Amino acid sequence: MFFLVPALVYILFFLNILVEGAPVISWQYLTAGPSSDPATGGIGPVIAGTLMTVVLMLIIVVPFGVVTALYLSEYSLNRRFDKFFLFLIHNLAGVPSVVFGIFGLGFFVLNIGTGLDELFGLELVFGKPSMLWASATLAFMLMPMVVTTAYEAFRAVPAEYRETAYGAGAGKLQMIRSVVLPHSIPGVTTGVILSVSRAIGETAPLLFLGCAFFLPSMPVFDLCIAGLCFPVVNPTEQFMYLSYNIFIMSTQSTSPLPYQYAGALVLIVLTLVCNSATIWLRSRFRKNLAFTEAE
Amino acid sequence: MKEIKISFEALSVSFGNSTVIKDLTLDVIDKRITCLIGPSGCGKTTLLKTVNRLNDLAPDVEYTGNVVIDGINILSPGTDITNLRRKAAIVFQRPAMFARSVFENVAFPLRIAGVKDRSIIEEKVIESLQTSVVWDEVKDRLDESAMKFSIGQQQRIAIARALISQPDILMLDEPTGSLDPVSTKKIEDLIYGLRRKVTVIMVSHNLTQVAGLSDYTVFLNEGKLVETNQTIRFFTKPDKKITEEYLTGRYRA
């Protein structure tokens, strides 16, 4: 019966948060901005900031990660080099996330950001901690997961599939586009969604990168293209992040306990949604993409 | 009249330090069915993949000798490999259906070749599926994923895909190796229907199949040609003792 212990602990843990936090959850709580009176305030901008940061992170990590994995799998013909490179990447995955935060501050903010400001003659636009550099740091922190899962997915495409495409006269790019990529979608998506749920839960690397406990509103400006205006969150400003919010609430603020639980509940549900999406996608793709096995 | 389609002239193929095909000289007759037999690892598949240069995917492959198809040495540096692969199509033991519809699987070589005209593509897909005797089973389900069909149907769809660019040479690497007897029979009938139309080179471990289907049989062992002859003669009066041993199951590697 010992194997039930972890599951039981998890269920109790979840139920505890659910029971304590659920009474606070309301439409107003999920959408309104923060206020000094918790009863009228909410975590709308916190959720928005979290999702924006994750989307920005994906915009960086997916192309970089997939292209790196494609290079290793399809272009580098030296499997020993691949192994060595992946070994380095695996080691990167073992670095504590707070170290990535410091790296992000030093590399992105002070080096690249300040450099960009100087280059364009700007007054402290890029050269300060902001959502942009937080996303970039998360992206590099989660790159190992995306690269490894994508690489495994590419290598899992059987040789006959590649050879059939080449045999039909396809070039390398045509082969990759028509065979390798479509057949590895399940693996690649799994890695990407897992990286999202990891990113949602991270706090440490954001400490130095513009994460704030309280901002009166999201830094929104109107982006106008050909007369049409859209509200856009300014990624070069400070932002709020759910996990960081919970961390500060539970350590340094006087927020009533139910609000702390409610924040945690929202975070857990977001992560659960991501993980369930992974499982659902994987089983769906597995059905449609199973390689033909010999009978 | 029997014309020679492919001439292997003192061909050796090696990957790094291991030589897989050793000094092989062989003529393959045009529009006949030629079967390659021999123990696993004797170089049959490598020989097939030499004809359309699929071996080139391995970075350390080295060829010596000539392979002459229609008077041109396809191992010479200036060979148009894309064109060669359209002329010499290959089908493997596993059908390798792509994650797309039956129609798009069969049309794949045309799409790769840049054919845009929808009516030409449709016409050729139908013709190909009919030739490979799977049309009646798929005609109402052309838009469904090819992966939903049975492995025997998939293999015939794979042959349709190989035939769509109207190759002169069709290479089959153990096409029935993972099929049940009923599906095997269908593939055999389909291959039989191609004789006198296409030059077929087939690898098979099923000697009954080889005897019943092929015009010529080639026996390879350890990368070398042991014996080749008309199939009737090959099975009834083999020249070499080792061939007789292999045919009667007494051969030990």
# chains A, B, ... in the order shown; residues from 1 in each chain; ligands from 1
$ interface_residues --of "chain B" --to "chain A" --cutoff "9 Å" --atoms "only C-alpha atoms" --output "VMD selection string"
chain B and resid 52 to 54 57 to 59 81 to 86 88 to 100 108 to 110 112 to 113 145 147 to 148 151 154 161 to 162 165 177 to 180
$ closest_atom_pairs --of "segment 32-138 of chain A" --to "segment 7-24 of chain A" --cutoff "10 Å" --atoms "only C-alpha atoms" --output "tab-separated table"
residue	atom	partner	partner_atom	distance
A:Pro38	CA	A:Val24	CA	9.8
A:Ala39	CA	A:Val24	CA	8.7
A:Gly42	CA	A:Val24	CA	9.7
$ write_last_selection --atoms "N, CA and C atoms" --output "PDB file, in the first residue's frame"
ATOM      1  N   PRO A  38      -8.546  43.566  -0.308  1.00  0.00           N
ATOM      2  CA  PRO A  38      -8.588  42.309  -1.046  1.00  0.00           C
ATOM      3  C   PRO A  38      -9.992  41.939  -1.500  1.00  0.00           C
ATOM      4  N   ALA A  39     -11.006  42.396  -0.791  1.00  0.00           N
ATOM      5  CA  ALA A  39     -12.369  42.000  -1.129  1.00  0.00           C
ATOM      6  C   ALA A  39     -12.829  42.585  -2.460  1.00  0.00           C
ATOM      7  N   GLY A  42      -8.347  41.834  -7.277  1.00  0.00           N
ATOM      8  CA  GLY A  42      -8.252  40.544  -7.941  1.00  0.00           C
ATOM      9  C   GLY A  42      -6.862  40.319  -8.500  1.00  0.00           C
TER      10      GLY A  42
END
$ residues_around --residues "segment 213-226 of chain A" --least-positions-apart "5" --cutoff "8 Å" --atoms "only C-alpha atoms" --output "PyMOL selection string"
chain A and resi 33-35+45+49+231-234+237-241+244-245+248
$ write_last_selection --atoms "C-alpha atoms" --output "compact mmCIF listing (two decimals), in the first residue's frame"
# COMPACT_ATOMS: atom_id res chain seq x y z
CA GLY A 33 -6.77 44.52 -10.76
CA PRO A 34 -5.08 44.39 -7.37
CA SER A 35 -6.41 46.71 -4.69
CA PRO A 45 -3.16 41.45 -14.37
CA GLY A 49 1.34 38.87 -16.96
CA PRO A 231 -4.00 47.10 -26.64
CA VAL A 232 -0.57 45.47 -26.24
CA VAL A 233 1.33 44.75 -23.06
CA ASN A 234 4.65 46.54 -23.17
CA GLU A 237 8.30 47.12 -18.53
CA GLN A 238 7.92 45.42 -15.18
CA PHE A 239 5.24 42.76 -14.86
CA MET A 240 3.41 40.60 -12.32
CA TYR A 241 3.75 36.83 -12.18
CA TYR A 244 6.07 35.28 -7.54
CA ASN A 245 2.86 36.82 -6.27
CA ILE A 248 5.50 37.41 -1.68
$ atom_distance --atom1 "atom CA of Glu9 of chain B" --atom2 "atom CA of Asn221 of chain B"
17.4 Å
$ residues_around --residues "segment 139-154 of chain A" --least-positions-apart "3" --cutoff "7 Å" --atoms "only C-alpha atoms" --output "JSON, numbers by chain"
{"A": [57, 60, 61, 65, 66, 68, 69, 70, 73, 89, 90, 92, 93, 100, 135, 136, 157, 180, 184, 187, 188, 191, 192, 195]}
$ write_last_selection --atoms "C-alpha atoms" --output "mmCIF file, in the first residue's frame"
data_model
loop_
_atom_site.group_PDB
_atom_site.id
_atom_site.type_symbol
_atom_site.label_atom_id
_atom_site.label_comp_id
_atom_site.auth_asym_id
_atom_site.auth_seq_id
_atom_site.Cartn_x
_atom_site.Cartn_y
_atom_site.Cartn_z
ATOM 1 C CA MET A 57 9.071 32.604 -23.821
ATOM 2 C CA ILE A 60 11.883 32.378 -28.235
ATOM 3 C CA VAL A 61 12.260 28.773 -27.105
ATOM 4 C CA GLY A 65 14.918 24.556 -29.596
ATOM 5 C CA VAL A 66 13.375 22.900 -32.640
ATOM 6 C CA THR A 68 18.806 23.051 -32.694
ATOM 7 C CA ALA A 69 17.249 19.600 -32.419
ATOM 8 C CA LEU A 70 16.734 19.466 -36.201
ATOM 9 C CA SER A 73 19.164 15.039 -35.758
ATOM 10 C CA ILE A 89 22.587 20.496 -22.629
ATOM 11 C CA HIS A 90 21.583 17.962 -19.978
ATOM 12 C CA LEU A 92 22.541 22.900 -18.305
ATOM 13 C CA ALA A 93 19.201 21.466 -17.180
ATOM 14 C CA PHE A 100 19.751 31.373 -14.490
ATOM 15 C CA SER A 135 10.940 35.483 -20.930
ATOM 16 C CA ALA A 136 14.320 35.161 -22.590
ATOM 17 C CA VAL A 157 11.068 8.581 -37.109
ATOM 18 C CA VAL A 180 10.246 14.326 -40.048
ATOM 19 C CA SER A 184 7.341 14.120 -34.650
ATOM 20 C CA GLY A 187 7.022 14.500 -29.137
ATOM 21 C CA VAL A 188 7.785 18.126 -29.885
ATOM 22 C CA GLY A 191 8.290 18.986 -24.669
ATOM 23 C CA VAL A 192 6.855 22.414 -25.375
ATOM 24 C CA SER A 195 8.248 23.589 -20.580
#
$ atom_distance --atom1 "atom CA of Thr53 of chain A" --atom2 "atom CA of Tyr71 of chain A"
27.2 Å
$ atom_distance --atom1 "atom CA of Glu127 of chain B" --atom2 "atom CA of Asn206 of chain B"
29.3 Å
$ closest_residue --among "A:Val266, A:Leu194, A:Leu257, A:Ala199" --to "Val46 of chain A" --atoms "only C-alpha atoms"
A:Val266
$ select_by_dssp --residues "segment 22-248 of chain B" --states "alpha helix (DSSP H)" --output "number ranges by chain"
B: 44-51, 81-87, 102-112, 118-131, 135-138, 151-163, 181-194, 207-213, 231-236, 241-247
$ closest_residue --among "B:Leu220, B:Leu207, B:Val125, B:Ile159" --to "Phe235 of chain B" --atoms "only C-alpha atoms"
B:Leu207
$ residues_around --residues "segment 14-26 of chain B" --least-positions-apart "6" --cutoff "8 Å" --atoms "only C-alpha atoms" --output "ChimeraX atom specification"
/B:7-8,42-43,46-47,58,60-63,65,222-225
